[in-house]
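The file start_38.cif contains mmCIF, C-alpha atoms:
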```
data_data
#
loop_
_atom_site.group_PDB
_atom_site.id
_atom_site.type_symbol
_atom_site.label_atom_id
_atom_site.label_comp_id
_atom_site.auth_asym_id
_atom_site.auth_seq_id
_atom_site.Cartn_x
_atom_site.Cartn_y
_atom_site.Cartn_z
ATOM 1 C CA MET A 1 3.584 -3.138 -7.534
ATOM 2 C CA ASN A 2 0.241 -1.360 -6.989
ATOM 3 C CA ARG A 3 0.525 0.140 -10.461
ATOM 4 C CA LEU A 4 1.167 -3.317 -11.951
ATOM 5 C CA LEU A 5 -1.856 -4.723 -10.155
ATOM 6 C CA ARG A 6 -4.039 -1.897 -11.484
ATOM 7 C CA LEU A 7 -2.817 -2.568 -15.044
ATOM 8 C CA LEU A 8 -3.521 -6.259 -14.622
ATOM 9 C CA ALA A 9 -7.013 -5.532 -13.277
ATOM 10 C CA LEU A 10 -7.701 -3.236 -16.258
ATOM 11 C CA VAL A 11 -6.658 -5.885 -18.793
ATOM 12 C CA LEU A 12 -8.752 -8.548 -17.049
ATOM 13 C CA THR A 13 -11.767 -6.207 -17.006
ATOM 14 C CA LEU A 14 -11.379 -5.561 -20.731
ATOM 15 C CA GLY A 15 -11.142 -9.314 -21.256
ATOM 16 C CA VAL A 16 -14.385 -9.959 -19.420
ATOM 17 C CA CYS A 17 -16.091 -7.230 -21.471
ATOM 18 C CA THR A 18 -14.863 -8.652 -24.774
ATOM 19 C CA ALA A 19 -16.013 -12.128 -23.818
ATOM 20 C CA SER A 20 -19.477 -10.846 -22.898
ATOM 21 C CA TYR A 21 -19.871 -9.116 -26.288
ATOM 22 C CA ALA A 22 -18.458 -11.979 -28.354
ATOM 23 C CA ALA A 23 -21.929 -13.124 -29.447
ATOM 24 C CA ASP A 24 -22.406 -9.858 -31.419
ATOM 25 C CA THR A 25 -19.528 -10.613 -33.827
ATOM 26 C CA ASN A 26 -19.036 -12.819 -36.866
ATOM 27 C CA GLU A 27 -16.099 -14.420 -35.109
ATOM 28 C CA LYS A 28 -16.658 -16.877 -32.315
ATOM 29 C CA PRO A 29 -14.680 -17.460 -29.127
ATOM 30 C CA HIS A 30 -12.362 -20.416 -29.545
ATOM 31 C CA PHE A 31 -9.459 -22.370 -28.107
ATOM 32 C CA GLY A 32 -6.136 -22.957 -29.793
ATOM 33 C CA VAL A 33 -2.765 -24.614 -29.298
ATOM 34 C CA ARG A 34 0.568 -22.802 -29.459
ATOM 35 C CA LEU A 35 4.229 -23.753 -29.866
ATOM 36 C CA GLN A 36 6.865 -21.035 -29.673
ATOM 37 C CA TYR A 37 10.619 -20.596 -29.834
ATOM 38 C CA ASP A 38 11.937 -18.214 -27.163
ATOM 39 C CA MET A 39 15.122 -16.202 -26.764
ATOM 40 C CA ASN A 40 15.876 -14.861 -23.270
ATOM 41 C CA LYS A 41 18.403 -12.494 -21.723
ATOM 42 C CA SER A 42 18.731 -10.378 -18.582
ATOM 43 C CA THR A 43 18.657 -6.592 -18.558
ATOM 44 C CA THR A 44 20.817 -6.747 -15.416
ATOM 45 C CA LEU A 45 24.333 -8.271 -15.463
ATOM 46 C CA SER A 46 24.153 -7.979 -19.271
ATOM 47 C CA ASN A 47 27.953 -8.375 -19.593
ATOM 48 C CA LEU A 48 27.616 -12.006 -18.446
ATOM 49 C CA VAL A 49 24.003 -13.037 -19.123
ATOM 50 C CA SER A 50 23.066 -12.926 -22.821
ATOM 51 C CA TRP A 51 20.589 -14.497 -25.252
ATOM 52 C CA GLY A 52 19.786 -18.162 -24.719
ATOM 53 C CA PRO A 53 17.177 -20.385 -26.448
ATOM 54 C CA GLY A 54 14.012 -21.871 -25.026
ATOM 55 C CA VAL A 55 10.683 -23.405 -26.002
ATOM 56 C CA SER A 56 7.088 -23.036 -24.788
ATOM 57 C CA VAL A 57 3.989 -25.109 -25.559
ATOM 58 C CA GLY A 58 0.382 -24.798 -24.412
ATOM 59 C CA ALA A 59 -3.148 -23.593 -25.131
ATOM 60 C CA ILE A 60 -4.969 -20.262 -25.473
ATOM 61 C CA TYR A 61 -8.527 -18.927 -25.287
ATOM 62 C CA TYR A 62 -9.598 -16.177 -27.711
ATOM 63 C CA ALA A 63 -12.678 -13.941 -27.322
ATOM 64 C CA PRO A 64 -13.441 -11.343 -30.081
ATOM 65 C CA PHE A 65 -15.156 -7.975 -29.692
ATOM 66 C CA LYS A 66 -17.031 -6.326 -32.601
ATOM 67 C CA ASN A 67 -14.552 -7.705 -35.192
ATOM 68 C CA ILE A 68 -12.108 -4.975 -34.097
ATOM 69 C CA ALA A 69 -10.627 -5.971 -30.746
ATOM 70 C CA TYR A 70 -10.161 -9.176 -28.798
ATOM 71 C CA PHE A 71 -9.095 -10.665 -25.483
ATOM 72 C CA ASN A 72 -6.576 -13.487 -25.459
ATOM 73 C CA ALA A 73 -5.328 -15.582 -22.515
ATOM 74 C CA GLY A 74 -3.135 -18.663 -22.458
ATOM 75 C CA LEU A 75 -1.296 -21.185 -20.326
ATOM 76 C CA LEU A 76 2.027 -22.517 -21.580
ATOM 77 C CA PHE A 77 4.773 -24.700 -20.148
ATOM 78 C CA GLY A 78 8.200 -23.187 -20.788
ATOM 79 C CA TYR A 79 11.841 -24.254 -20.647
ATOM 80 C CA ASP A 80 14.146 -21.253 -21.101
ATOM 81 C CA THR A 81 17.905 -20.781 -20.943
ATOM 82 C CA PHE A 82 20.182 -17.759 -20.549
ATOM 83 C CA LYS A 83 23.747 -17.823 -21.858
ATOM 84 C CA TYR A 84 26.122 -17.287 -18.898
ATOM 85 C CA ASN A 85 29.525 -16.386 -20.278
ATOM 86 C CA GLY A 86 32.227 -13.804 -19.562
ATOM 87 C CA THR A 87 34.780 -12.500 -17.098
ATOM 88 C CA ALA A 88 34.192 -10.613 -13.840
ATOM 89 C CA GLU A 89 35.628 -10.007 -10.373
ATOM 90 C CA TYR A 90 35.296 -12.771 -7.762
ATOM 91 C CA ASN A 91 36.627 -11.855 -4.299
ATOM 92 C CA SER A 92 39.039 -9.352 -5.931
ATOM 93 C CA THR A 93 40.183 -12.051 -8.375
ATOM 94 C CA ARG A 94 39.305 -12.331 -12.041
ATOM 95 C CA THR A 95 36.930 -15.215 -12.743
ATOM 96 C CA THR A 96 35.538 -16.677 -15.946
ATOM 97 C CA VAL A 97 32.151 -18.385 -16.306
ATOM 98 C CA ASP A 98 30.961 -20.377 -19.311
ATOM 99 C CA GLY A 99 27.600 -22.158 -19.451
ATOM 100 C CA TYR A 100 23.888 -21.549 -18.967
ATOM 101 C CA LEU A 101 21.258 -20.476 -16.469
ATOM 102 C CA TYR A 102 17.818 -21.980 -16.972
ATOM 103 C CA THR A 103 14.254 -21.874 -15.723
ATOM 104 C CA THR A 104 11.226 -24.147 -16.065
ATOM 105 C CA GLY A 105 7.661 -23.163 -15.290
ATOM 106 C CA LEU A 106 4.301 -21.913 -16.517
ATOM 107 C CA LYS A 107 3.589 -18.775 -18.530
ATOM 108 C CA LEU A 108 0.243 -16.970 -18.376
ATOM 109 C CA PRO A 109 -0.135 -14.337 -21.145
ATOM 110 C CA ILE A 110 -3.146 -12.003 -20.760
ATOM 111 C CA GLN A 111 -3.579 -9.797 -23.824
ATOM 112 C CA VAL A 112 -5.864 -7.286 -25.469
ATOM 113 C CA GLY A 113 -5.462 -6.827 -29.225
ATOM 114 C CA VAL A 114 -6.717 -4.786 -32.183
ATOM 115 C CA ASN A 115 -7.367 -6.220 -35.664
ATOM 116 C CA PHE A 116 -6.054 -4.082 -38.524
ATOM 117 C CA ILE A 117 -6.996 -6.604 -41.214
ATOM 118 C CA ASN A 118 -9.868 -8.982 -40.503
ATOM 119 C CA LYS A 119 -10.827 -10.999 -43.571
ATOM 120 C CA GLU A 120 -11.830 -14.621 -43.892
ATOM 121 C CA ASN A 121 -8.475 -15.684 -45.338
ATOM 122 C CA LEU A 122 -6.216 -13.301 -43.393
ATOM 123 C CA LYS A 123 -6.319 -11.500 -40.055
ATOM 124 C CA ILE A 124 -3.481 -9.290 -38.770
ATOM 125 C CA SER A 125 -3.447 -7.728 -35.310
ATOM 126 C CA LEU A 126 -1.305 -5.990 -32.706
ATOM 127 C CA TYR A 127 -1.650 -6.797 -29.002
ATOM 128 C CA THR A 128 -0.327 -5.924 -25.568
ATOM 129 C CA GLY A 129 -0.766 -7.010 -21.962
ATOM 130 C CA PRO A 130 0.940 -8.640 -18.977
ATOM 131 C CA GLN A 131 2.594 -12.032 -18.934
ATOM 132 C CA LEU A 132 3.011 -13.874 -15.653
ATOM 133 C CA TYR A 133 5.773 -16.443 -15.125
ATOM 134 C CA PHE A 134 5.349 -19.103 -12.446
ATOM 135 C CA ASN A 135 8.846 -20.573 -12.140
ATOM 136 C CA PHE A 136 9.330 -24.087 -10.771
ATOM 137 C CA GLY A 137 13.084 -23.636 -10.540
ATOM 138 C CA PHE A 138 16.037 -21.422 -11.448
ATOM 139 C CA ARG A 139 19.402 -23.187 -11.861
ATOM 140 C CA GLY A 140 22.915 -22.712 -13.180
ATOM 141 C CA HIS A 141 24.986 -25.209 -15.150
ATOM 142 C CA PHE A 142 28.421 -23.805 -16.070
ATOM 143 C CA ASP A 143 32.208 -23.937 -15.696
ATOM 144 C CA ARG A 144 33.855 -21.376 -13.429
ATOM 145 C CA LYS A 145 37.569 -20.639 -13.321
ATOM 146 C CA VAL A 146 39.149 -18.678 -10.481
ATOM 147 C CA SER A 147 42.515 -20.244 -9.664
ATOM 148 C CA SER A 148 41.405 -23.569 -11.153
ATOM 149 C CA MET A 149 38.499 -24.788 -13.256
ATOM 150 C CA GLU A 150 35.412 -26.153 -11.485
ATOM 151 C CA HIS A 151 32.048 -27.273 -12.773
ATOM 152 C CA ILE A 152 28.999 -25.721 -11.092
ATOM 153 C CA ASP A 153 25.508 -27.226 -11.086
ATOM 154 C CA THR A 154 23.423 -25.367 -8.542
ATOM 155 C CA GLY A 155 20.011 -23.927 -7.756
ATOM 156 C CA TYR A 156 19.375 -20.258 -7.043
ATOM 157 C CA LYS A 157 16.883 -18.285 -5.018
ATOM 158 C CA ASN A 158 13.773 -18.119 -7.209
ATOM 159 C CA SER A 159 11.258 -15.283 -7.071
ATOM 160 C CA GLY A 160 8.495 -17.822 -7.773
ATOM 161 C CA MET A 161 6.506 -15.423 -9.947
ATOM 162 C CA GLU A 162 7.619 -12.783 -12.437
ATOM 163 C CA ILE A 163 5.600 -10.107 -14.186
ATOM 164 C CA ALA A 164 6.459 -8.878 -17.691
ATOM 165 C CA TRP A 165 4.696 -6.658 -20.214
ATOM 166 C CA ALA A 166 4.256 -7.858 -23.789
ATOM 167 C CA PHE A 167 3.967 -6.149 -27.169
ATOM 168 C CA GLY A 168 3.320 -8.302 -30.204
ATOM 169 C CA ALA A 169 1.888 -8.911 -33.662
ATOM 170 C CA ALA A 170 -0.115 -11.901 -34.894
ATOM 171 C CA ALA A 171 -1.533 -13.245 -38.133
ATOM 172 C CA ASP A 172 -4.232 -15.887 -38.661
ATOM 173 C CA ILE A 173 -4.473 -17.561 -42.072
ATOM 174 C CA HIS A 174 -7.839 -19.012 -43.077
ATOM 175 C CA ARG A 175 -8.906 -18.522 -39.425
ATOM 176 C CA HIS A 176 -7.159 -21.706 -38.268
ATOM 177 C CA TRP A 177 -3.399 -21.322 -38.819
ATOM 178 C CA HIS A 178 -1.673 -18.821 -36.541
ATOM 179 C CA VAL A 179 1.758 -17.127 -36.333
ATOM 180 C CA HIS A 180 2.935 -14.484 -33.870
ATOM 181 C CA PHE A 181 5.940 -12.527 -32.697
ATOM 182 C CA ASP A 182 6.155 -10.785 -29.329
ATOM 183 C CA ALA A 183 8.572 -9.171 -26.896
ATOM 184 C CA ASN A 184 8.138 -9.451 -23.119
ATOM 185 C CA PHE A 185 9.934 -6.912 -20.933
ATOM 186 C CA GLY A 186 10.432 -7.972 -17.320
ATOM 187 C CA LEU A 187 8.981 -5.759 -14.579
ATOM 188 C CA SER A 188 10.140 -7.975 -11.698
ATOM 189 C CA ASN A 189 13.052 -10.312 -10.955
ATOM 190 C CA ILE A 190 13.583 -13.936 -12.004
ATOM 191 C CA GLY A 191 15.715 -14.593 -8.950
ATOM 192 C CA MET A 192 19.175 -13.930 -7.527
ATOM 193 C CA ILE A 193 22.665 -15.365 -8.053
ATOM 194 C CA ASP A 194 25.815 -15.127 -5.893
ATOM 195 C CA ASP A 195 28.422 -16.735 -8.182
ATOM 196 C CA LEU A 196 30.542 -13.607 -8.544
ATOM 197 C CA ASN A 197 30.700 -12.574 -4.911
ATOM 198 C CA PRO A 198 29.352 -14.737 -2.057
ATOM 199 C CA ARG A 199 28.544 -11.592 -0.072
ATOM 200 C CA GLU A 200 26.475 -10.026 -2.876
ATOM 201 C CA LEU A 201 23.187 -11.225 -4.366
ATOM 202 C CA ILE A 202 22.635 -10.048 -7.938
ATOM 203 C CA HIS A 203 19.039 -9.723 -9.182
ATOM 204 C CA LEU A 204 18.265 -10.823 -12.746
ATOM 205 C CA LYS A 205 15.409 -9.424 -14.837
ATOM 206 C CA ARG A 206 14.162 -11.115 -18.014
ATOM 207 C CA THR A 207 13.666 -9.894 -21.568
ATOM 208 C CA GLU A 208 12.062 -12.509 -23.841
ATOM 209 C CA LEU A 209 11.535 -12.553 -27.609
ATOM 210 C CA SER A 210 9.206 -15.250 -28.981
ATOM 211 C CA VAL A 211 8.169 -16.532 -32.418
ATOM 212 C CA GLY A 212 5.189 -18.863 -32.336
ATOM 213 C CA LEU A 213 3.018 -21.132 -34.468
ATOM 214 C CA GLY A 214 -0.421 -22.412 -33.637
ATOM 215 C CA TYR A 215 -3.768 -23.851 -34.671
ATOM 216 C CA ASN A 216 -7.188 -22.425 -33.781
ATOM 217 C CA PHE A 217 -10.099 -24.813 -33.314
#
```
Represent the structure contained in this file as structure tokens.
Amino acid sequence: MNRLLRLLALVLTLGVCTASYAADTNEKPHFGVRLQYDMNKSTTLSNLVSWGPGVSVGAIYYAPFKNIAYFNAGLLFGYDTFKYNGTAEYNSTRTTVDGYLYTTGLKLPIQVGVNFINKENLKISLYTGPQLYFNFGFRGHFDRKVSSMEHIDTGYKNSGMEIAWAFGAAADIHRHWHVHFDANFGLSNIGMIDDLNPRELIHLKRTELSVGLGYNF
């Protein structure tokens, strides 16, 4: 955790520096809006928790640095699902689950990027940095069969905040229209479930792929 905090402090420091030098560039700091389609899975319990769809919407702030690098931060509201499907042991008995896990909350991406093409009609960049998830809830909605079929709709213990690390690519067309693709790899847990064994809590850790569209003001 100390290492994560140091990385976060470094990215924030770079962001402050880029913002302070923004006046020396041809680009100007600006706000934008973003809409993205998300796909989420867990790197733990991967035999039962697989890719599920989601959506995020919100705003970003962009601060350039010498036409080469930039700092980018955003705040998005997200609704994400995880496919919950498969067969496992439940109290020494085979059980089948079929449905979804889902989260709602806020996402705070904090990124530093480098422009490889920076022309008036086209800009292409690569970026990296932490993404924080502030989860309002973590729930399950699925059918479970042990000796008989039962429908489960329940809440789980939620970590409250997750930390992930992002790698991505972005393109801006005519400075205003924006597209991006990124991958966020979870460094902490979403929460815990106990559906498979009441005496065992299983931690889940997120991987998220996102494709987004946006407009820069």
Distance query range 102-113 of chain A at most 7 Å, all atoms listed in the file, self and fewer than 4 positions along chain excluded, as a ChimeraX atom specification: /A:11,69-82,125-140
With C-alpha atoms retained, export the selected residues as a PDB file, keeping the file's coordinate frame.
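Result saved to part34.pdb:
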```pdb
ATOM      1  CA  VAL A  11      -6.658  -5.885 -18.793  1.00  0.00           C
ATOM      2  CA  ALA A  69     -10.627  -5.971 -30.746  1.00  0.00           C
ATOM      3  CA  TYR A  70     -10.161  -9.176 -28.798  1.00  0.00           C
ATOM      4  CA  PHE A  71      -9.095 -10.665 -25.483  1.00  0.00           C
ATOM      5  CA  ASN A  72      -6.576 -13.487 -25.459  1.00  0.00           C
ATOM      6  CA  ALA A  73      -5.328 -15.582 -22.515  1.00  0.00           C
ATOM      7  CA  GLY A  74      -3.135 -18.663 -22.458  1.00  0.00           C
ATOM      8  CA  LEU A  75      -1.296 -21.185 -20.326  1.00  0.00           C
ATOM      9  CA  LEU A  76       2.027 -22.517 -21.580  1.00  0.00           C
ATOM     10  CA  PHE A  77       4.773 -24.700 -20.148  1.00  0.00           C
ATOM     11  CA  GLY A  78       8.200 -23.187 -20.788  1.00  0.00           C
ATOM     12  CA  TYR A  79      11.841 -24.254 -20.647  1.00  0.00           C
ATOM     13  CA  ASP A  80      14.146 -21.253 -21.101  1.00  0.00           C
ATOM     14  CA  THR A  81      17.905 -20.781 -20.943  1.00  0.00           C
ATOM     15  CA  PHE A  82      20.182 -17.759 -20.549  1.00  0.00           C
ATOM     16  CA  SER A 125      -3.447  -7.728 -35.310  1.00  0.00           C
ATOM     17  CA  LEU A 126      -1.305  -5.990 -32.706  1.00  0.00           C
ATOM     18  CA  TYR A 127      -1.650  -6.797 -29.002  1.00  0.00           C
ATOM     19  CA  THR A 128      -0.327  -5.924 -25.568  1.00  0.00           C
ATOM     20  CA  GLY A 129      -0.766  -7.010 -21.962  1.00  0.00           C
ATOM     21  CA  PRO A 130       0.940  -8.640 -18.977  1.00  0.00           C
ATOM     22  CA  GLN A 131       2.594 -12.032 -18.934  1.00  0.00           C
ATOM     23  CA  LEU A 132       3.011 -13.874 -15.653  1.00  0.00           C
ATOM     24  CA  TYR A 133       5.773 -16.443 -15.125  1.00  0.00           C
ATOM     25  CA  PHE A 134       5.349 -19.103 -12.446  1.00  0.00           C
ATOM     26  CA  ASN A 135       8.846 -20.573 -12.140  1.00  0.00           C
ATOM     27  CA  PHE A 136       9.330 -24.087 -10.771  1.00  0.00           C
ATOM     28  CA  GLY A 137      13.084 -23.636 -10.540  1.00  0.00           C
ATOM     29  CA  PHE A 138      16.037 -21.422 -11.448  1.00  0.00           C
ATOM     30  CA  ARG A 139      19.402 -23.187 -11.861  1.00  0.00           C
ATOM     31  CA  GLY A 140      22.915 -22.712 -13.180  1.00  0.00           C
TER      32      GLY A 140
END
```
Nearest to Lys205 in chain A by atom-to-atom distance, counting all atoms listed in the file, from A:Ile190, A:Val57, A:Val33, A:Ile152: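 Checking each candidate against Lys205 in chain A, we get A:Ile190 as the closest.
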Would you write out, as a Markdown table, a table of all residues in range 101-162 of chain A that have an atom no more than 7 Å from an atom of range 170-179 of chain A, listing for each the closest atom pair and the distance in Å to one decimal, considering all atoms listed in the file and ordering rows by chain and rising residue number?
```
| residue | atom | partner | partner_atom | distance |
| --- | --- | --- | --- | --- |
| A:Glu120 | CA | A:His174 | CA | 6.0 |
| A:Asn121 | CA | A:His174 | CA | 4.1 |
| A:Leu122 | CA | A:Ile173 | CA | 4.8 |
| A:Lys123 | CA | A:Asp172 | CA | 5.1 |
| A:Ile124 | CA | A:Ala171 | CA | 4.5 |
| A:Ser125 | CA | A:Ala170 | CA | 5.4 |
| A:Leu126 | CA | A:Ala170 | CA | 6.4 |
```
Residues matched by the PyMOL selection byres ((chain A and resi 141) around 8), written as a VMD selection string: chain A and resid 99 to 101 139 to 140 142 to 143 151 to 154
Residues returned when the PyMOL selection byres ((chain A and resi 48) around 6) runs on this file, as a list in words: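 When the PyMOL selection byres ((chain A and resi 48) around 6) is applied to the shown file, the picked residues are Leu45, Ser46, Asn47, Val49, Tyr84, Asn85 and Gly86 of chain A.
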d(CA of Ala169 in chain A, CA of Asp38 in chain A) in Å: 15.2 Å
Who sits within 9 Å of Ser147 in chain A, only C-alpha atoms, same chain under 5 positions skipped, as a VMD selection string: chain A and resid 93 to 95
Between CA of Tyr156 in chain A and CA of Met39 in chain A, distance in Å (one decimal):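 Taking CA of Tyr156 in chain A as the start and CA of Met39 in chain A as the end point, the length is 20.6 Å.
Residues in contact with Asn189 in chain A at 9 Å, where only C-alpha atoms are counted and same-chain residues fewer than 6 positions away are skipped, are listed as A:Asn158, A:Ser159, A:Met161, A:Glu162, A:Ile163, A:His203, A:Leu204, A:Lys205, A:Arg206.
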Distance criterion (only C-alpha atoms): nearest to Tyr215 in chain A out of A:Ile60, A:Ile68, A:Val55, A:Ala164: A:Ile60
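Atom to atom, CA of Val114 in chain A and CA of Phe65 in chain A stand 9.4 Å apart.
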Nearest to Lys157 in chain A, chosen from A:Gly191, A:Gly186, A:Gly58, A:Pro53, with only C-alpha atoms counted in the distances: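 For Lys157 in chain A, the nearest of the candidates is A:Gly191.
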Nearest-residue call for His180 in chain A, choices A:Gln36, A:Thr207, A:Glu89, A:Tyr61, using only C-alpha atoms: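 Using only C-alpha atoms, His180 in chain A sits closest to A:Gln36.
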